[in-house]
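Some notes on the structure that comes next.
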Amino acid sequence: MSHSSETRIFTAPAASVPSRLASVEDYEALARGPGGRACARTDKLHHVFGSTRSGYAIYFFGELLAAFDFPALTFLTDSGQQYAFEGEYGTTLVEVLDAEKQRAVIVQMNALFAALKANPTIAYEAETFGHLCDDDIEKALARDYVSGRPYADTEVYGDEGDTADYLFTYLRSVLKVVENALDEGLLVVFSGEL
(Lines give C-alpha, C1' and ligand atoms only; values in the text may rest on other atoms or scores of the structure.)
Protein backbone atom coordinates (compact mmCIF):
# COMPACT_ATOMS: atom_id res chain seq x y z
CA MET A 1 0.00 0.00 0.00
CA SER A 2 1.40 3.37 -0.96
CA HIS A 3 1.18 6.59 0.98
CA SER A 4 1.98 10.18 0.11
CA SER A 5 4.91 12.14 1.45
CA GLU A 6 4.00 15.78 1.92
CA THR A 7 6.29 18.80 1.64
CA ARG A 8 5.70 22.48 2.23
CA ILE A 9 7.88 25.51 1.64
CA PHE A 10 6.97 29.09 2.45
CA THR A 11 8.51 32.48 3.11
CA ALA A 12 8.42 34.22 6.48
CA PRO A 13 9.73 37.44 8.02
CA ALA A 14 12.82 36.76 10.14
CA ALA A 15 11.17 38.24 13.24
CA SER A 16 8.41 35.60 13.05
CA VAL A 17 10.77 32.60 13.05
CA PRO A 18 12.21 31.47 16.40
CA SER A 19 15.98 31.05 16.54
CA ARG A 20 15.38 27.37 17.38
CA LEU A 21 12.37 25.14 16.81
CA ALA A 22 12.00 22.87 19.83
CA SER A 23 9.02 20.79 18.71
CA VAL A 24 6.67 19.99 15.88
CA GLU A 25 4.17 22.27 17.63
CA ASP A 26 6.63 25.17 17.20
CA TYR A 27 6.80 24.39 13.49
CA GLU A 28 3.01 24.04 13.17
CA ALA A 29 2.49 27.46 14.79
CA LEU A 30 4.92 28.90 12.26
CA ALA A 31 3.13 27.13 9.40
CA ARG A 32 -0.27 28.45 10.52
CA GLY A 33 0.89 32.05 11.06
CA PRO A 34 3.54 33.19 8.58
CA GLY A 35 2.92 30.13 6.40
CA GLY A 36 -0.75 31.00 6.10
CA ARG A 37 0.10 34.58 5.16
CA ALA A 38 2.59 33.36 2.53
CA CYS A 39 -0.12 31.13 1.04
CA ALA A 40 -2.54 34.04 0.87
CA ARG A 41 -0.20 36.13 -1.27
CA THR A 42 -1.23 36.42 -4.89
CA ASP A 43 1.42 38.83 -6.17
CA LYS A 44 4.32 36.34 -6.30
CA LEU A 45 4.90 32.69 -5.49
CA HIS A 46 5.70 32.47 -1.76
CA HIS A 47 4.64 28.90 -0.99
CA VAL A 48 4.62 25.43 -2.53
CA PHE A 49 2.79 22.38 -1.27
CA GLY A 50 4.12 19.08 -2.56
CA SER A 51 2.73 15.58 -2.41
CA THR A 52 4.42 12.55 -3.90
CA ARG A 53 3.23 8.95 -3.76
CA SER A 54 5.53 6.77 -1.64
CA GLY A 55 8.07 9.60 -1.56
CA TYR A 56 8.88 9.11 -5.26
CA ALA A 57 10.05 12.67 -6.03
CA ILE A 58 11.96 12.94 -2.75
CA TYR A 59 13.88 9.70 -3.26
CA PHE A 60 14.40 10.30 -6.99
CA PHE A 61 15.83 13.73 -6.20
CA GLY A 62 18.10 12.21 -3.55
CA GLU A 63 19.46 9.70 -6.08
CA LEU A 64 19.90 12.50 -8.61
CA LEU A 65 21.88 14.63 -6.16
CA ALA A 66 24.27 11.74 -5.55
CA ALA A 67 25.76 12.53 -8.98
CA PHE A 68 26.59 16.12 -7.96
CA ASP A 69 28.21 18.15 -5.22
CA PHE A 70 25.24 20.39 -4.38
CA PRO A 71 24.97 20.30 -0.58
CA ALA A 72 22.63 23.31 -0.44
CA LEU A 73 19.91 21.19 -2.09
CA THR A 74 19.96 18.21 0.28
CA PHE A 75 17.20 19.70 2.42
CA LEU A 76 14.82 18.64 -0.37
CA THR A 77 15.67 14.97 0.22
CA ASP A 78 14.90 12.69 3.16
CA SER A 79 17.90 13.97 5.14
CA GLY A 80 20.02 17.06 5.66
CA GLN A 81 17.50 19.21 7.55
CA GLN A 82 18.15 21.18 10.75
CA TYR A 83 15.27 19.60 12.66
CA ALA A 84 13.61 16.19 12.76
CA PHE A 85 10.53 15.69 14.93
CA GLU A 86 9.13 12.20 15.47
CA GLY A 87 5.34 12.06 15.62
CA GLU A 88 2.50 9.63 15.72
CA TYR A 89 2.35 9.35 11.93
CA GLY A 90 6.03 9.64 10.99
CA THR A 91 8.81 12.19 10.95
CA THR A 92 8.54 15.89 10.22
CA LEU A 93 11.78 17.33 8.82
CA VAL A 94 12.27 21.10 8.92
CA GLU A 95 14.89 23.43 7.44
CA VAL A 96 15.10 27.23 7.72
CA LEU A 97 16.99 29.00 4.94
CA ASP A 98 18.57 32.38 5.63
CA ALA A 99 19.88 34.66 2.87
CA GLU A 100 23.24 32.86 2.65
CA LYS A 101 21.58 29.46 2.25
CA GLN A 102 19.08 30.93 -0.22
CA ARG A 103 21.88 32.24 -2.43
CA ALA A 104 23.53 28.80 -2.39
CA VAL A 105 20.22 27.11 -3.30
CA ILE A 106 19.72 29.47 -6.25
CA VAL A 107 23.24 28.92 -7.61
CA GLN A 108 23.17 25.14 -7.15
CA MET A 109 19.62 24.63 -8.47
CA ASN A 110 20.42 26.59 -11.61
CA ALA A 111 23.65 24.60 -12.03
CA LEU A 112 21.69 21.37 -11.61
CA PHE A 113 19.18 22.36 -14.29
CA ALA A 114 21.98 23.36 -16.67
CA ALA A 115 23.86 20.09 -16.09
CA LEU A 116 20.75 17.99 -16.68
CA LYS A 117 19.77 19.88 -19.81
CA ALA A 118 23.26 19.23 -21.15
CA ASN A 119 23.17 15.56 -20.11
CA PRO A 120 19.69 14.24 -19.23
CA THR A 121 21.11 10.71 -19.05
CA ILE A 122 22.20 11.53 -15.49
CA ALA A 123 18.55 11.84 -14.46
CA TYR A 124 17.48 8.70 -16.31
CA GLU A 125 20.21 6.73 -14.56
CA ALA A 126 19.24 8.12 -11.15
CA GLU A 127 15.59 7.07 -11.46
CA THR A 128 15.45 3.44 -10.35
CA PHE A 129 11.66 3.14 -10.01
CA GLY A 130 10.91 2.50 -13.70
CA HIS A 131 8.46 5.40 -14.07
CA LEU A 132 10.23 7.22 -16.91
CA CYS A 133 9.61 6.96 -20.64
CA ASP A 134 11.51 8.33 -23.63
CA ASP A 135 12.03 12.11 -23.46
CA ASP A 136 10.32 12.54 -20.04
CA ILE A 137 13.32 14.35 -18.58
CA GLU A 138 13.92 16.50 -21.65
CA LYS A 139 10.25 17.56 -21.80
CA ALA A 140 10.15 18.33 -18.08
CA LEU A 141 13.35 20.40 -18.22
CA ALA A 142 12.15 22.33 -21.29
CA ARG A 143 9.20 23.81 -19.39
CA ASP A 144 9.32 26.91 -17.21
CA TYR A 145 5.98 26.35 -15.48
CA VAL A 146 5.73 26.88 -11.70
CA SER A 147 2.87 26.12 -9.31
CA GLY A 148 1.99 26.46 -5.64
CA ARG A 149 0.38 23.00 -5.72
CA PRO A 150 2.01 20.99 -8.50
CA TYR A 151 0.54 17.65 -7.37
CA ALA A 152 -3.01 18.94 -7.90
CA ASP A 153 -2.32 21.16 -10.90
CA THR A 154 -3.82 19.96 -14.18
CA GLU A 155 -1.00 21.75 -16.03
CA VAL A 156 1.49 19.29 -14.48
CA TYR A 157 1.68 16.02 -16.38
CA GLY A 158 1.20 12.76 -14.55
CA ASP A 159 -0.44 11.57 -11.42
CA GLU A 160 0.23 11.63 -7.68
CA GLY A 161 3.63 13.31 -7.83
CA ASP A 162 5.48 10.40 -9.43
CA THR A 163 6.53 11.86 -12.77
CA ALA A 164 9.51 13.80 -14.05
CA ASP A 165 7.22 16.72 -14.88
CA TYR A 166 6.02 16.85 -11.27
CA LEU A 167 9.58 16.73 -9.90
CA PHE A 168 10.92 19.49 -12.12
CA THR A 169 7.81 21.69 -11.77
CA TYR A 170 8.20 21.28 -8.01
CA LEU A 171 11.92 22.13 -8.11
CA ARG A 172 11.33 25.20 -10.33
CA SER A 173 8.57 26.31 -7.95
CA VAL A 174 10.81 25.90 -4.90
CA LEU A 175 13.50 27.90 -6.70
CA LYS A 176 10.99 30.68 -7.42
CA VAL A 177 9.96 30.83 -3.74
CA VAL A 178 13.61 31.06 -2.69
CA GLU A 179 14.30 33.79 -5.27
CA ASN A 180 11.27 35.77 -4.10
CA ALA A 181 12.32 35.41 -0.45
CA LEU A 182 15.84 36.62 -1.17
CA ASP A 183 14.47 39.55 -3.16
CA GLU A 184 12.25 40.60 -0.23
CA GLY A 185 14.62 39.82 2.65
CA LEU A 186 12.51 36.93 3.99
CA LEU A 187 13.46 33.55 5.40
CA VAL A 188 12.35 30.31 3.76
CA VAL A 189 10.89 27.48 5.82
CA PHE A 190 10.76 23.95 4.40
CA SER A 191 9.07 20.92 5.91
CA GLY A 192 8.73 17.34 4.79
CA GLU A 193 6.51 14.68 6.33
CA LEU A 194 7.80 11.19 5.64
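Ligands are numbered from 1 in the order shown, residues from 1 within each chain, and chains are lettered A, B, ... in the order they appear in the C-alpha coordinates.
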Mind the document's chain letters and residue numbers, and return as JSON, numbers by chain the residues of region 42-187 of chain A that DSSP labels helix (DSSP H, G or I). {"A": [56, 57, 58, 59, 60, 61, 62, 63, 64, 65, 71, 72, 73, 74, 75, 76, 99, 100, 101, 102, 103, 104, 105, 106, 107, 108, 109, 110, 111, 112, 113, 114, 115, 116, 117, 118, 121, 122, 123, 124, 125, 126, 136, 137, 138, 139, 140, 141, 142, 150, 151, 152, 164, 165, 166, 167, 168, 169, 170, 171, 172, 173, 174, 175, 176, 177, 178, 179, 180, 181, 182, 183, 184]}
Got a sec to tell me which of chain A DSSP assigns to strand (DSSP E or B), as number ranges by chain? A: 4-12, 47-53, 83-87, 90-97, 187-193
Expected file contents, prior selection, N, CA and C atoms, as a tab-separated table (two decimals), in the first residue's frame:
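Dumped to result-v4.tsv:
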chain	number	residue	atom	x	y	z
A	4	SER	N	1.38	8.97	0.67
A	4	SER	CA	1.98	10.18	0.11
A	4	SER	C	2.90	10.83	1.12
A	5	SER	N	4.02	11.31	0.64
A	5	SER	CA	4.91	12.14	1.45
A	5	SER	C	4.60	13.58	1.09
A	6	GLU	N	4.40	14.40	2.11
A	6	GLU	CA	4.00	15.78	1.92
A	6	GLU	C	5.18	16.71	2.20
A	7	THR	N	5.29	17.77	1.40
A	7	THR	CA	6.29	18.80	1.64
A	7	THR	C	5.60	20.16	1.60
A	8	ARG	N	6.22	21.11	2.25
A	8	ARG	CA	5.70	22.48	2.23
A	8	ARG	C	6.89	23.42	2.34
A	9	ILE	N	6.85	24.47	1.55
A	9	ILE	CA	7.88	25.51	1.64
A	9	ILE	C	7.17	26.86	1.57
A	10	PHE	N	7.59	27.77	2.44
A	10	PHE	CA	6.97	29.09	2.45
A	10	PHE	C	7.97	30.13	2.96
A	11	THR	N	7.67	31.38	2.65
A	11	THR	CA	8.51	32.48	3.11
A	11	THR	C	7.95	33.02	4.42
A	12	ALA	N	8.84	33.65	5.20
A	12	ALA	CA	8.42	34.22	6.48
A	12	ALA	C	9.37	35.34	6.88
A	47	HIS	N	4.88	30.19	-1.64
A	47	HIS	CA	4.64	28.90	-0.99
A	47	HIS	C	4.51	27.82	-2.05
A	48	VAL	N	4.85	26.61	-1.67
A	48	VAL	CA	4.62	25.43	-2.53
A	48	VAL	C	4.26	24.27	-1.61
A	49	PHE	N	3.15	23.63	-1.93
A	49	PHE	CA	2.79	22.38	-1.27
A	49	PHE	C	3.12	21.25	-2.23
A	50	GLY	N	3.79	20.23	-1.74
A	50	GLY	CA	4.12	19.08	-2.56
A	50	GLY	C	3.52	17.82	-1.97
A	51	SER	N	3.22	16.88	-2.84
A	51	SER	CA	2.73	15.58	-2.41
A	51	SER	C	3.19	14.56	-3.44
A	52	THR	N	3.87	13.53	-2.98
A	52	THR	CA	4.42	12.55	-3.90
A	52	THR	C	4.18	11.14	-3.36
A	53	ARG	N	3.58	10.30	-4.17
A	53	ARG	CA	3.23	8.95	-3.76
A	53	ARG	C	4.48	8.17	-3.37
A	83	TYR	N	16.13	20.16	11.61
A	83	TYR	CA	15.27	19.60	12.66
A	83	TYR	C	14.56	18.35	12.15
A	84	ALA	N	14.39	17.39	13.06
A	84	ALA	CA	13.61	16.19	12.76
A	84	ALA	C	12.76	15.89	14.00
A	85	PHE	N	11.44	15.92	13.83
A	85	PHE	CA	10.53	15.69	14.93
A	85	PHE	C	9.75	14.40	14.67
A	86	GLU	N	9.87	13.45	15.58
A	86	GLU	CA	9.13	12.20	15.47
A	86	GLU	C	7.71	12.42	15.98
A	87	GLY	N	6.74	11.92	15.23
A	87	GLY	CA	5.34	12.06	15.62
A	87	GLY	C	4.61	10.76	15.49
A	90	GLY	N	4.78	9.62	11.73
A	90	GLY	CA	6.03	9.64	10.99
A	90	GLY	C	6.93	10.76	11.48
A	91	THR	N	7.82	11.18	10.62
A	91	THR	CA	8.81	12.19	10.95
A	91	THR	C	8.53	13.46	10.17
A	92	THR	N	8.63	14.58	10.87
A	92	THR	CA	8.54	15.89	10.22
A	92	THR	C	9.94	16.49	10.20
A	93	LEU	N	10.45	16.75	9.01
A	93	LEU	CA	11.78	17.33	8.82
A	93	LEU	C	11.61	18.82	8.50
A	94	VAL	N	12.42	19.66	9.11
A	94	VAL	CA	12.27	21.10	8.92
A	94	VAL	C	13.63	21.74	8.69
A	95	GLU	N	13.68	22.66	7.74
A	95	GLU	CA	14.89	23.43	7.44
A	95	GLU	C	14.50	24.90	7.30
A	96	VAL	N	15.30	25.80	7.87
A	96	VAL	CA	15.10	27.23	7.72
A	96	VAL	C	16.28	27.78	6.92
A	97	LEU	N	15.96	28.47	5.84
A	97	LEU	CA	16.99	29.00	4.94
A	97	LEU	C	17.11	30.51	5.12
A	187	LEU	N	12.95	34.90	5.23
A	187	LEU	CA	13.46	33.55	5.40
A	187	LEU	C	12.60	32.59	4.61
A	188	VAL	N	13.12	31.38	4.39
A	188	VAL	CA	12.35	30.31	3.76
A	188	VAL	C	12.28	29.17	4.76
A	189	VAL	N	11.09	28.61	4.93
A	189	VAL	CA	10.89	27.48	5.82
A	189	VAL	C	10.41	26.31	4.99
A	190	PHE	N	11.11	25.17	5.11
A	190	PHE	CA	10.76	23.95	4.40
A	190	PHE	C	10.38	22.88	5.41
A	191	SER	N	9.37	22.09	5.09
A	191	SER	CA	9.07	20.92	5.91
A	191	SER	C	8.73	19.75	5.01
A	192	GLY	N	9.08	18.57	5.47
A	192	GLY	CA	8.73	17.34	4.79
A	192	GLY	C	8.18	16.36	5.80
A	193	GLU	N	7.10	15.69	5.47
A	193	GLU	CA	6.51	14.68	6.33
A	193	GLU	C	6.67	13.34	5.65
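Closest approach to Asp98 (chain A) from the set A:Asp78, A:Ala29, A:Glu127, A:Ala72 is made by A:Ala72, with distances taken over only C-alpha atoms.
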So which one's closest to Leu73 (chain A), A:His46, A:Lys101, A:His3, A:Lys117? Using only C-alpha atoms, please.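 Looking at the shortest contact to Leu73 (chain A), the residue is A:Lys101.
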What's around Phe113 (chain A) at 10 Å? Count only C-alpha atoms, leave out sequence neighbours fewer than 5 positions away in its own chain, and write the answer as a ChimeraX atom specification. /A:108,118-120,141-142,168,171-172
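Shortest separation to Arg41 (chain A) among A:Phe75, A:Asp183, A:Leu175, A:Gly148 occurs at residue A:Gly148, atoms counted being only C-alpha atoms.
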Let me make sure I understand: among A:Ala104, A:Gly62, A:Ser23, A:Val146, which one has the smallest atom-to-atom distance to Thr128 (chain A) if we use only C-alpha atoms?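 Ranked by minimum distance to Thr128 (chain A), first place goes to A:Gly62.
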Counting only C-alpha atoms, the residue of A:Ser147, A:Pro34, A:His131, A:Thr154 that sits nearest Ala57 (chain A):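 Between A:Ser147, A:Pro34, A:His131, A:Thr154, the residue approaching Ala57 (chain A) most closely is A:His131.
Candidate residues A:Ile137, A:Val177, A:Leu186, A:Ala40 were compared for distance to Leu116 (chain A), and the nearest is A:Ile137, using only C-alpha atoms.
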